[in-house]
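Asker: My structure is stored as model-v8.txt, with compact mmCIF, C-alpha atoms.
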```txt
# COMPACT_ATOMS: atom_id res chain seq x y z
CA MET N 1 29.88 -24.48 -3.22
CA SER N 2 27.21 -27.07 -2.53
CA LYS N 3 26.14 -29.57 -5.12
CA ASN N 4 22.57 -28.26 -4.83
CA ILE N 5 23.60 -24.73 -5.86
CA GLU N 6 25.51 -26.07 -8.86
CA LEU N 7 22.55 -28.26 -9.85
CA VAL N 8 20.01 -25.43 -9.72
CA ALA N 9 22.26 -23.01 -11.61
CA GLU N 10 22.84 -25.60 -14.33
CA LYS N 11 19.11 -26.28 -14.64
CA ILE N 12 18.33 -22.59 -15.20
CA LEU N 13 21.25 -22.25 -17.62
CA GLN N 14 19.81 -25.10 -19.68
CA ALA N 15 16.49 -23.22 -19.83
CA TYR N 16 18.38 -20.20 -21.21
CA GLU N 17 19.96 -22.40 -23.88
CA SER N 18 16.84 -24.33 -24.89
CA ARG N 19 14.29 -21.53 -24.34
CA ILE N 20 12.02 -24.20 -22.88
CA PRO N 21 10.43 -22.99 -19.61
CA ILE N 22 10.94 -25.09 -16.50
CA ASP N 23 9.01 -25.70 -13.27
CA PHE N 24 9.61 -23.41 -10.31
CA ILE N 25 12.81 -24.19 -8.40
CA ARG N 26 10.88 -24.27 -5.12
CA ASN N 27 9.06 -27.40 -6.28
CA ASN N 28 12.21 -29.51 -5.94
CA HIS N 29 14.73 -27.49 -3.91
CA THR N 30 14.64 -25.75 -0.54
CA LEU N 31 16.87 -22.68 -0.55
CA ASP N 32 17.02 -19.64 1.71
CA GLU N 33 17.65 -16.14 0.36
CA ASN N 34 21.43 -16.31 0.75
CA LEU N 35 21.68 -19.64 -1.07
CA ALA N 36 19.37 -18.36 -3.81
CA TYR N 37 21.74 -15.43 -4.40
CA ASP N 38 24.58 -17.99 -4.49
CA VAL N 39 22.69 -19.73 -7.29
CA GLN N 40 22.36 -16.41 -9.11
CA ASP N 41 26.10 -15.77 -8.80
CA GLN N 42 26.92 -19.21 -10.15
CA LEU N 43 24.38 -18.84 -12.97
CA ILE N 44 25.95 -15.54 -14.06
CA LEU N 45 29.45 -17.07 -14.10
CA LYS N 46 28.22 -19.93 -16.26
CA LYS N 47 26.14 -17.70 -18.53
CA CYS N 48 28.98 -15.23 -19.12
CA LYS N 49 31.33 -18.06 -20.02
CA LEU N 50 28.86 -19.85 -22.29
CA PHE N 51 27.62 -16.79 -24.20
CA ASN N 52 30.78 -14.66 -23.95
CA GLU N 53 29.00 -11.96 -21.93
CA GLN N 54 30.25 -9.50 -19.31
CA ILE N 55 28.58 -8.17 -16.18
CA ALA N 56 27.10 -4.78 -17.13
CA GLY N 57 25.13 -3.74 -14.04
CA TYR N 58 22.16 -4.68 -11.89
CA LYS N 59 18.37 -4.45 -11.85
CA ILE N 60 16.36 -3.84 -8.70
CA SER N 61 13.00 -5.55 -8.27
CA MET N 62 10.14 -5.12 -5.81
CA THR N 63 10.76 -1.51 -4.79
CA SER N 64 7.20 -0.87 -3.59
CA PRO N 65 4.87 -2.59 -1.10
CA GLU N 66 2.67 -3.72 -4.01
CA THR N 67 5.47 -5.47 -5.89
CA GLN N 68 7.01 -6.88 -2.68
CA ALA N 69 3.67 -8.50 -1.90
CA LEU N 70 4.00 -10.57 -5.08
CA ALA N 71 6.87 -12.51 -3.51
CA ASP N 72 5.76 -12.15 0.12
CA THR N 73 8.84 -10.15 1.07
CA HIS N 74 9.52 -6.82 2.79
CA GLU N 75 12.55 -5.61 0.86
CA PRO N 76 13.65 -5.40 -2.77
CA ALA N 77 15.71 -7.99 -4.62
CA TYR N 78 18.31 -7.69 -7.35
CA GLY N 79 19.35 -9.41 -10.54
CA THR N 80 22.59 -9.10 -12.49
CA LEU N 81 22.63 -7.46 -15.92
CA THR N 82 24.99 -8.78 -18.55
CA SER N 83 26.01 -7.13 -21.81
CA THR N 84 23.32 -8.83 -23.89
CA ASN N 85 20.56 -7.54 -21.58
CA LEU N 86 21.20 -3.90 -22.53
CA LEU N 87 19.26 -2.32 -25.40
CA HIS N 88 19.20 1.20 -26.80
CA HIS N 89 16.17 3.46 -27.26
CA ALA N 90 13.90 2.41 -30.16
CA SER N 91 15.12 -1.19 -30.20
CA LYS N 92 12.91 -4.06 -31.36
CA LEU N 93 12.30 -7.46 -29.76
CA SER N 94 10.56 -10.58 -31.04
CA LEU N 95 7.97 -12.11 -28.72
CA ALA N 96 8.70 -15.47 -30.33
CA GLU N 97 12.12 -15.37 -28.66
CA MET N 98 10.71 -14.57 -25.20
CA ASN N 99 8.65 -16.42 -22.61
CA GLU N 100 6.17 -14.16 -20.76
CA PRO N 101 7.71 -10.66 -20.75
CA LEU N 102 6.50 -7.62 -18.82
CA VAL N 103 7.10 -3.88 -19.21
CA GLU N 104 8.26 -1.67 -16.32
CA PRO N 105 9.15 2.04 -16.71
CA GLU N 106 12.23 2.82 -14.64
CA LEU N 107 15.05 5.32 -14.25
CA MET N 108 18.46 3.97 -15.26
CA PHE N 109 21.56 5.14 -13.39
CA VAL N 110 24.75 4.98 -15.48
CA LEU N 111 27.83 5.18 -13.27
CA THR N 112 30.56 7.65 -14.22
CA ASN N 113 32.98 6.41 -11.52
CA ASP N 114 33.44 3.41 -9.26
CA LEU N 115 31.41 3.67 -6.06
CA SER N 116 32.69 2.84 -2.61
CA LEU N 117 31.46 -0.31 -0.89
CA GLY N 118 27.95 0.41 0.40
CA ALA N 119 27.80 3.90 -1.16
CA GLN N 120 24.80 6.01 -0.18
CA GLU N 121 22.61 8.53 -2.01
CA ASP N 122 24.93 11.56 -2.18
CA GLU N 123 27.82 9.53 -3.58
CA ILE N 124 25.54 7.74 -6.04
CA ILE N 125 24.10 10.99 -7.41
CA ALA N 126 27.53 12.63 -7.68
CA ASN N 127 28.95 9.72 -9.66
CA SER N 128 26.20 8.89 -12.12
CA THR N 129 24.15 10.07 -15.04
CA ILE N 130 20.51 9.09 -15.49
CA ALA N 131 18.37 7.91 -18.39
CA ALA N 132 14.76 7.17 -19.19
CA GLY N 133 14.36 3.41 -19.24
CA LEU N 134 12.10 0.43 -19.67
CA GLU N 135 12.83 -2.86 -18.01
CA ILE N 136 11.51 -5.97 -19.74
CA PRO N 137 11.46 -8.70 -17.07
CA ASP N 138 11.17 -12.26 -18.33
CA SER N 139 11.65 -15.66 -16.76
CA ARG N 140 12.77 -19.18 -17.45
CA TYR N 141 9.72 -20.58 -15.57
CA LYS N 142 6.35 -21.78 -16.83
CA ASN N 143 3.45 -19.43 -16.02
CA TRP N 144 5.76 -17.38 -13.85
CA PHE N 145 3.88 -14.13 -13.26
CA PRO N 146 2.57 -13.57 -10.62
CA ASN N 147 3.08 -17.11 -9.31
CA PHE N 148 6.79 -17.02 -8.34
CA ASN N 149 8.18 -16.79 -4.81
CA LEU N 150 11.37 -15.08 -3.63
CA THR N 151 13.58 -18.14 -4.09
CA ASP N 152 12.36 -18.62 -7.64
CA LEU N 153 12.99 -14.96 -8.45
CA LEU N 154 16.52 -14.85 -7.05
CA CYS N 155 17.65 -18.13 -8.63
CA ASP N 156 16.40 -16.96 -12.03
CA ASN N 157 18.57 -13.84 -11.78
CA GLY N 158 15.70 -11.62 -10.64
CA VAL N 159 13.76 -12.62 -13.79
CA THR N 160 16.08 -10.50 -15.90
CA GLY N 161 15.16 -10.05 -19.55
CA HIS N 162 16.27 -6.73 -21.03
CA VAL N 163 16.62 -3.09 -20.07
CA VAL N 164 16.14 -0.34 -22.64
CA LEU N 165 17.66 3.07 -22.03
CA SER N 166 17.79 6.43 -23.75
CA SER N 167 20.74 8.83 -23.77
CA PRO N 168 21.73 9.73 -20.19
CA ILE N 169 21.73 13.24 -18.74
CA ASP N 170 23.16 14.73 -15.55
CA THR N 171 21.50 13.20 -12.50
CA PRO N 172 19.11 15.62 -10.76
CA ASN N 173 19.51 16.34 -7.06
CA PHE N 174 17.90 14.06 -4.49
CA ASP N 175 14.74 16.12 -4.04
CA ARG N 176 14.07 16.33 -7.78
CA LEU N 177 14.68 12.60 -8.19
CA GLY N 178 11.78 11.99 -5.82
CA THR N 179 9.26 14.00 -7.85
CA ILE N 180 9.62 12.73 -11.43
CA HIS N 181 6.39 11.96 -13.30
CA MET N 182 6.13 9.25 -15.96
CA ASP N 183 3.48 8.54 -18.61
CA LEU N 184 3.43 5.13 -20.35
CA TYR N 185 1.94 4.67 -23.82
CA HIS N 186 1.15 1.62 -25.95
CA ASN N 187 0.73 2.28 -29.67
CA GLY N 188 0.21 5.96 -28.92
CA LYS N 189 -2.49 5.44 -26.27
CA LYS N 190 -1.72 6.34 -22.67
CA ILE N 191 -2.13 3.24 -20.49
CA ASN N 192 -0.61 4.24 -17.15
CA GLU N 193 1.33 6.85 -15.22
CA GLY N 194 3.50 6.87 -12.13
CA LEU N 195 5.82 8.80 -9.84
CA SER N 196 9.42 8.20 -8.85
CA ALA N 197 8.42 8.38 -5.18
CA THR N 198 6.90 4.92 -5.67
CA VAL N 199 10.46 3.54 -5.92
CA LEU N 200 11.50 3.20 -2.25
CA SER N 201 10.45 6.88 -1.88
CA ASN N 202 13.34 7.87 -4.19
CA PRO N 203 15.21 5.96 -6.94
CA ALA N 204 18.56 7.02 -5.44
CA SER N 205 17.51 5.27 -2.22
CA SER N 206 16.78 2.16 -4.24
CA VAL N 207 20.33 2.19 -5.62
CA ALA N 208 21.63 2.79 -2.08
CA TRP N 209 19.73 -0.32 -0.98
CA LEU N 210 21.52 -2.23 -3.75
CA THR N 211 24.98 -1.00 -2.75
CA SER N 212 24.35 -2.04 0.85
CA LYS N 213 23.03 -5.44 -0.21
CA LEU N 214 26.00 -6.07 -2.49
CA ALA N 215 28.40 -4.97 0.26
CA GLN N 216 27.29 -8.05 2.21
CA ARG N 217 29.01 -10.02 -0.57
CA ASN N 218 31.96 -7.60 -0.74
CA VAL N 219 30.82 -6.34 -4.16
CA TYR N 220 30.83 -2.70 -5.23
CA LEU N 221 29.40 -0.91 -8.28
CA LYS N 222 31.86 0.01 -11.03
CA LYS N 223 32.20 2.78 -13.59
CA GLY N 224 30.07 2.15 -16.68
CA MET N 225 27.55 -0.10 -14.95
CA VAL N 226 23.84 0.44 -15.58
CA ILE N 227 21.48 0.21 -12.60
CA SER N 228 17.78 -0.25 -13.33
CA SER N 229 16.36 1.30 -10.17
CA GLY N 230 12.77 0.03 -9.90
CA THR N 231 9.40 0.34 -11.57
CA PHE N 232 7.11 3.37 -11.27
CA ILE N 233 3.99 1.18 -11.75
CA SER N 234 2.80 -2.41 -11.42
CA PRO N 235 4.25 -4.63 -14.17
CA VAL N 236 2.39 -4.62 -17.50
CA PRO N 237 2.16 -7.85 -19.56
CA VAL N 238 3.64 -7.25 -23.01
CA GLU N 239 1.48 -7.11 -26.14
CA ILE N 240 2.59 -6.68 -29.74
CA GLY N 241 3.27 -3.04 -30.57
CA THR N 242 5.29 -0.08 -29.35
CA TYR N 243 5.65 1.07 -25.75
CA ASN N 244 7.10 4.44 -24.90
CA ALA N 245 7.61 6.08 -21.54
CA ILE N 246 8.04 9.82 -21.05
CA PHE N 247 9.77 10.96 -17.85
CA THR N 248 9.38 14.65 -16.95
CA ASN N 249 12.67 16.54 -17.44
CA ILE N 250 14.53 13.26 -18.07
CA GLY N 251 13.51 12.07 -21.51
CA GLU N 252 11.66 9.43 -23.49
CA VAL N 253 12.39 5.78 -24.24
CA ARG N 254 10.74 3.39 -26.68
CA ILE N 255 10.66 -0.35 -27.43
CA THR N 256 8.73 -2.22 -30.13
CA PHE N 257 7.60 -5.83 -29.78
CA GLU N 258 7.09 -7.84 -32.95
CA PRO N 259 5.54 -11.33 -33.29
```
What do you get writing this file as structure tokens?
Answerer:
Amino acid sequence: MSKNIELVAEKILQAYESRIPIDFIRNNHTLDENLAYDVQDQLILKKCKLFNEQIAGYKISMTSPETQALADTHEPAYGTLTSTNLLHHASKLSLAEMNEPLVEPELMFVLTNDLSLGAQEDEIIANSTIAAGLEIPDSRYKNWFPNFNLTDLLCDNGVTGHVVLSSPIDTPNFDRLGTIHMDLYHNGKKINEGLSATVLSNPASSVAWLTSKLAQRNVYLKKGMVISSGTFISPVPVEIGTYNAIFTNIGEVRITFEP
């Protein structure tokens, strides 16, 4: 492991500890995509040791042309979920303990068995349940959204904050997964809507992208992991109040933000 990777991972870890946002990594370090994922891996090792956490799954970012354009890339990216990132339906969060969070309605795959290395859609669907979810991206950078680049995103663990999920149900078949409608509400007022086809045409295909990407690092998805598959809409900056997302034939999920 290079000294540069260790240095960057330690810098981001310190931002986690202090909750003081830092400058973008790109301002002082030149890293390609592979090295940025190396930073993420090292950060997760350090974070799990420091806070006594365990790897609990993955989140997939930039699963549409619109969100990929934010980081000037042509494929998604992933971050690693740890145990403290996972929240249940109707949880509450304090904005005072966050930096600049966003809200993204997403489907959450909960694995019922280990998957093979590079597993594709049929295997993913057969070995998972699915839940209504909200991802709450957040970052360790100052003024991060939408000013980050790909290196910044990957080093900061895909700007992972929290994921909120409802009770899982049996995963629908591939065709049905591609036609799920979602309505997003803030304090009871509808503010947006979206379709699952926005997520790499199908959320199962998004998870298949992840398995293939992880296979390049000889990593496979394990039973019990939660996979946040990608947002149905453009990210929404968080305001105080309650957000709830209703996914047709899947369920509802809610999160409340307090001062």
Asker: Quick one: residues within 12 Å of Glu258 in chain N, only C-alpha atoms counted, chain neighbours fewer than 6 positions away excluded, as a PyMOL selection string?
Answerer: chain N and resi 91-98+238-243
Asker: Hey, could you pull the box centre and edge lengths for range 44-51 of chain N, axis-aligned, 6 Å padding per side, all listed atoms, to one decimal in Å, as lines of an AutoDock Vina configuration file?
Answerer:
```
center_x = 28.6
center_y = -17.6
center_z = -19.1
size_x = 17.4
size_y = 16.7
size_z = 22.1
```
Asker: Please list as a list in words every residue within 10 Å of Cys48 in chain N, counting only C-alpha atoms and excluding residues in the same chain fewer than 5 positions away.
Answerer: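 Residues meeting the cut-off are Leu43, Glu53, Gln54, Ile55, Thr82, Ser83 and Thr84 of chain N.
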Asker: In terms of the shortest atom-to-atom distance over all atoms listed in the file, which of N:Leu184, N:Leu45, N:Ile227, N:Ile20 is closest to Thr211 in chain N?
Answerer: N:Ile227
Asker: Skipping near chain neighbours, those fewer than 6 positions away, what residues fall within 10 Å of Ala132 in chain N using all atoms listed in the file, listed as a compact mmCIF listing (two decimals) with C-alpha atoms, keeping the file's coordinate frame?
Answerer:
```txt
# COMPACT_ATOMS: atom_id res chain seq x y z
CA HIS N 89 16.17 3.46 -27.26
CA PRO N 105 9.15 2.04 -16.71
CA GLU N 106 12.23 2.82 -14.64
CA LEU N 107 15.05 5.32 -14.25
CA MET N 108 18.46 3.97 -15.26
CA PHE N 109 21.56 5.14 -13.39
CA VAL N 164 16.14 -0.34 -22.64
CA LEU N 165 17.66 3.07 -22.03
CA SER N 166 17.79 6.43 -23.75
CA SER N 167 20.74 8.83 -23.77
CA PRO N 168 21.73 9.73 -20.19
CA ILE N 169 21.73 13.24 -18.74
CA MET N 182 6.13 9.25 -15.96
CA SER N 228 17.78 -0.25 -13.33
CA ASN N 244 7.10 4.44 -24.90
CA ALA N 245 7.61 6.08 -21.54
CA ILE N 246 8.04 9.82 -21.05
CA PHE N 247 9.77 10.96 -17.85
CA THR N 248 9.38 14.65 -16.95
CA ASN N 249 12.67 16.54 -17.44
CA ILE N 250 14.53 13.26 -18.07
CA GLY N 251 13.51 12.07 -21.51
CA GLU N 252 11.66 9.43 -23.49
CA VAL N 253 12.39 5.78 -24.24
CA ARG N 254 10.74 3.39 -26.68
```
Asker: Could you list as number ranges by chain every residue that has an atom within 12 Å of (25.1, -27.0, -4.9), using the file's coordinates and counting all atoms listed in the file?
Answerer: N: 1-11, 29-31, 35-36, 38-43
Asker: Give me the residues within 7 Å of range 59-63 of chain N as a list in words, counting all atoms listed in the file and dropping any in the same chain fewer than 4 places off.
Answerer: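 Once the adjacent positions are removed, what remains is Thr67, Gln68, Pro76, Ala77, Tyr78, Gly79, Thr80, Leu81, Val199, Leu200, Ile227, Ser228, Ser229 and Gly230 of chain N.
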Asker: Give me, please, the distance in Å between CA of Gly57 in chain N and CA of Tyr141 in chain N, quoted to one decimal.
Answerer: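 Answer for the CA of Gly57 in chain N to CA of Tyr141 in chain N separation: 22.9 Å.
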Asker: If you count all atoms listed in the file, which residues fall within 9 Å of Glu104 in chain N, apart from same-chain ones fewer than 5 positions away, as a list in words?
Answerer: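 Listing them by chain and then by number gives Gly133, Leu134, Glu135, Ile136, Pro137, Gly230, Thr231, Phe232, Ile233, Ser234, Pro235 and Val236 of chain N.
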Asker: Using all atoms listed in the file for the distances, tell me which of N:Ala90, N:Val219, N:Ala71, N:Leu50 is nearest to Ser116 in chain N.
Answerer: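 Looking at the shortest contact to Ser116 in chain N, the residue is N:Val219.
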Asker: With distances taken over all atoms listed in the file, which residue among N:Lys190, N:Val163, N:Lys223, N:Tyr37 lies nearest His88 in chain N?
Answerer: N:Val163
Asker: In Å, how far is it from CA of Arg140 in chain N to CA of Lys213 in chain N?
Answerer: 24.3 Å
Asker: What does the distance between CA of Gly224 in chain N and CA of Thr198 in chain N come to in Å, to one decimal place?
Answerer: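 Separation between CA of Gly224 in chain N and CA of Thr198 in chain N: 25.8 Å.
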Asker: Of the candidates N:Leu87, N:Val226, N:Ala204, N:Leu214, which shows the shortest atom-to-atom distance to Ala126 in chain N, using only C-alpha atoms?
Answerer: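 Using only C-alpha atoms, Ala126 in chain N sits closest to N:Ala204.
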Asker: Give me range 115-149 of chain N with N, CA and C atoms filled in, as a CSV table (one decimal), keeping the file's coordinate frame.
Answerer:
```
chain,number,residue,atom,x,y,z
N,115,LEU,N,32.0,3.3,-7.3
N,115,LEU,CA,31.4,3.7,-6.1
N,115,LEU,C,32.1,2.9,-4.9
N,116,SER,N,32.1,3.5,-3.8
N,116,SER,CA,32.7,2.8,-2.6
N,116,SER,C,31.7,1.7,-2.2
N,117,LEU,N,32.3,0.8,-1.4
N,117,LEU,CA,31.5,-0.3,-0.9
N,117,LEU,C,30.3,0.2,0.0
N,118,GLY,N,29.1,-0.1,-0.4
N,118,GLY,CA,28.0,0.4,0.4
N,118,GLY,C,27.7,1.9,0.2
N,119,ALA,N,28.0,2.5,-0.9
N,119,ALA,CA,27.8,3.9,-1.2
N,119,ALA,C,26.3,4.3,-1.0
N,120,GLN,N,26.1,5.5,-0.4
N,120,GLN,CA,24.8,6.0,-0.2
N,120,GLN,C,24.4,7.1,-1.2
N,121,GLU,N,23.2,7.7,-1.0
N,121,GLU,CA,22.6,8.5,-2.0
N,121,GLU,C,23.5,9.7,-2.6
N,122,ASP,N,24.1,10.4,-1.7
N,122,ASP,CA,24.9,11.6,-2.2
N,122,ASP,C,26.0,11.1,-3.1
N,123,GLU,N,26.7,10.0,-2.7
N,123,GLU,CA,27.8,9.5,-3.6
N,123,GLU,C,27.3,9.0,-4.9
N,124,ILE,N,26.2,8.3,-4.8
N,124,ILE,CA,25.5,7.7,-6.0
N,124,ILE,C,25.2,8.8,-7.0
N,125,ILE,N,24.5,9.9,-6.5
N,125,ILE,CA,24.1,11.0,-7.4
N,125,ILE,C,25.3,11.7,-8.0
N,126,ALA,N,26.3,11.9,-7.2
N,126,ALA,CA,27.5,12.6,-7.7
N,126,ALA,C,28.3,11.9,-8.7
N,127,ASN,N,28.1,10.6,-8.8
N,127,ASN,CA,29.0,9.7,-9.7
N,127,ASN,C,28.1,8.9,-10.7
N,128,SER,N,27.1,9.6,-11.2
N,128,SER,CA,26.2,8.9,-12.1
N,128,SER,C,25.6,9.9,-13.1
N,129,THR,N,25.1,9.4,-14.2
N,129,THR,CA,24.2,10.1,-15.0
N,129,THR,C,22.9,9.2,-15.0
N,130,ILE,N,21.8,9.8,-15.6
N,130,ILE,CA,20.5,9.1,-15.5
N,130,ILE,C,19.8,9.1,-16.8
N,131,ALA,N,19.0,8.0,-17.1
N,131,ALA,CA,18.4,7.9,-18.4
N,131,ALA,C,17.0,7.4,-18.2
N,132,ALA,N,16.1,7.8,-19.1
N,132,ALA,CA,14.8,7.2,-19.2
N,132,ALA,C,14.9,5.7,-19.6
N,133,GLY,N,14.2,4.8,-19.0
N,133,GLY,CA,14.4,3.4,-19.2
N,133,GLY,C,13.1,2.6,-19.2
N,134,LEU,N,13.1,1.5,-19.8
N,134,LEU,CA,12.1,0.4,-19.7
N,134,LEU,C,12.8,-0.9,-19.3
N,135,GLU,N,12.4,-1.5,-18.3
N,135,GLU,CA,12.8,-2.9,-18.0
N,135,GLU,C,11.8,-3.8,-18.6
N,136,ILE,N,12.3,-4.9,-19.2
N,136,ILE,CA,11.5,-6.0,-19.7
N,136,ILE,C,11.8,-7.3,-19.0
N,137,PRO,N,11.2,-7.5,-17.8
N,137,PRO,CA,11.5,-8.7,-17.1
N,137,PRO,C,10.9,-9.9,-17.9
N,138,ASP,N,11.6,-11.0,-17.8
N,138,ASP,CA,11.2,-12.3,-18.3
N,138,ASP,C,11.8,-13.4,-17.5
N,139,SER,N,11.2,-14.6,-17.6
N,139,SER,CA,11.6,-15.7,-16.8
N,139,SER,C,11.9,-16.9,-17.5
N,140,ARG,N,12.6,-17.9,-16.9
N,140,ARG,CA,12.8,-19.2,-17.4
N,140,ARG,C,11.7,-20.2,-16.9
N,141,TYR,N,10.7,-19.7,-16.2
N,141,TYR,CA,9.7,-20.6,-15.6
N,141,TYR,C,8.4,-20.6,-16.4
N,142,LYS,N,7.7,-21.7,-16.3
N,142,LYS,CA,6.4,-21.8,-16.8
N,142,LYS,C,5.4,-20.9,-16.0
N,143,ASN,N,4.5,-20.2,-16.7
N,143,ASN,CA,3.4,-19.4,-16.0
N,143,ASN,C,4.0,-18.7,-14.8
N,144,TRP,N,5.0,-17.9,-15.0
N,144,TRP,CA,5.8,-17.4,-13.8
N,144,TRP,C,5.1,-16.2,-13.1
N,145,PHE,N,4.4,-15.3,-13.9
N,145,PHE,CA,3.9,-14.1,-13.3
N,145,PHE,C,2.4,-14.2,-13.1
N,146,PRO,N,1.9,-14.0,-11.9
N,146,PRO,CA,2.6,-13.6,-10.6
N,146,PRO,C,2.8,-14.7,-9.6
N,147,ASN,N,3.1,-15.9,-10.1
N,147,ASN,CA,3.1,-17.1,-9.3
N,147,ASN,C,4.4,-17.5,-8.7
N,148,PHE,N,5.5,-16.7,-8.9
N,148,PHE,CA,6.8,-17.0,-8.3
N,148,PHE,C,6.9,-16.7,-6.8
N,149,ASN,N,7.9,-17.3,-6.2
N,149,ASN,CA,8.2,-16.8,-4.8
N,149,ASN,C,9.6,-16.2,-4.8
```
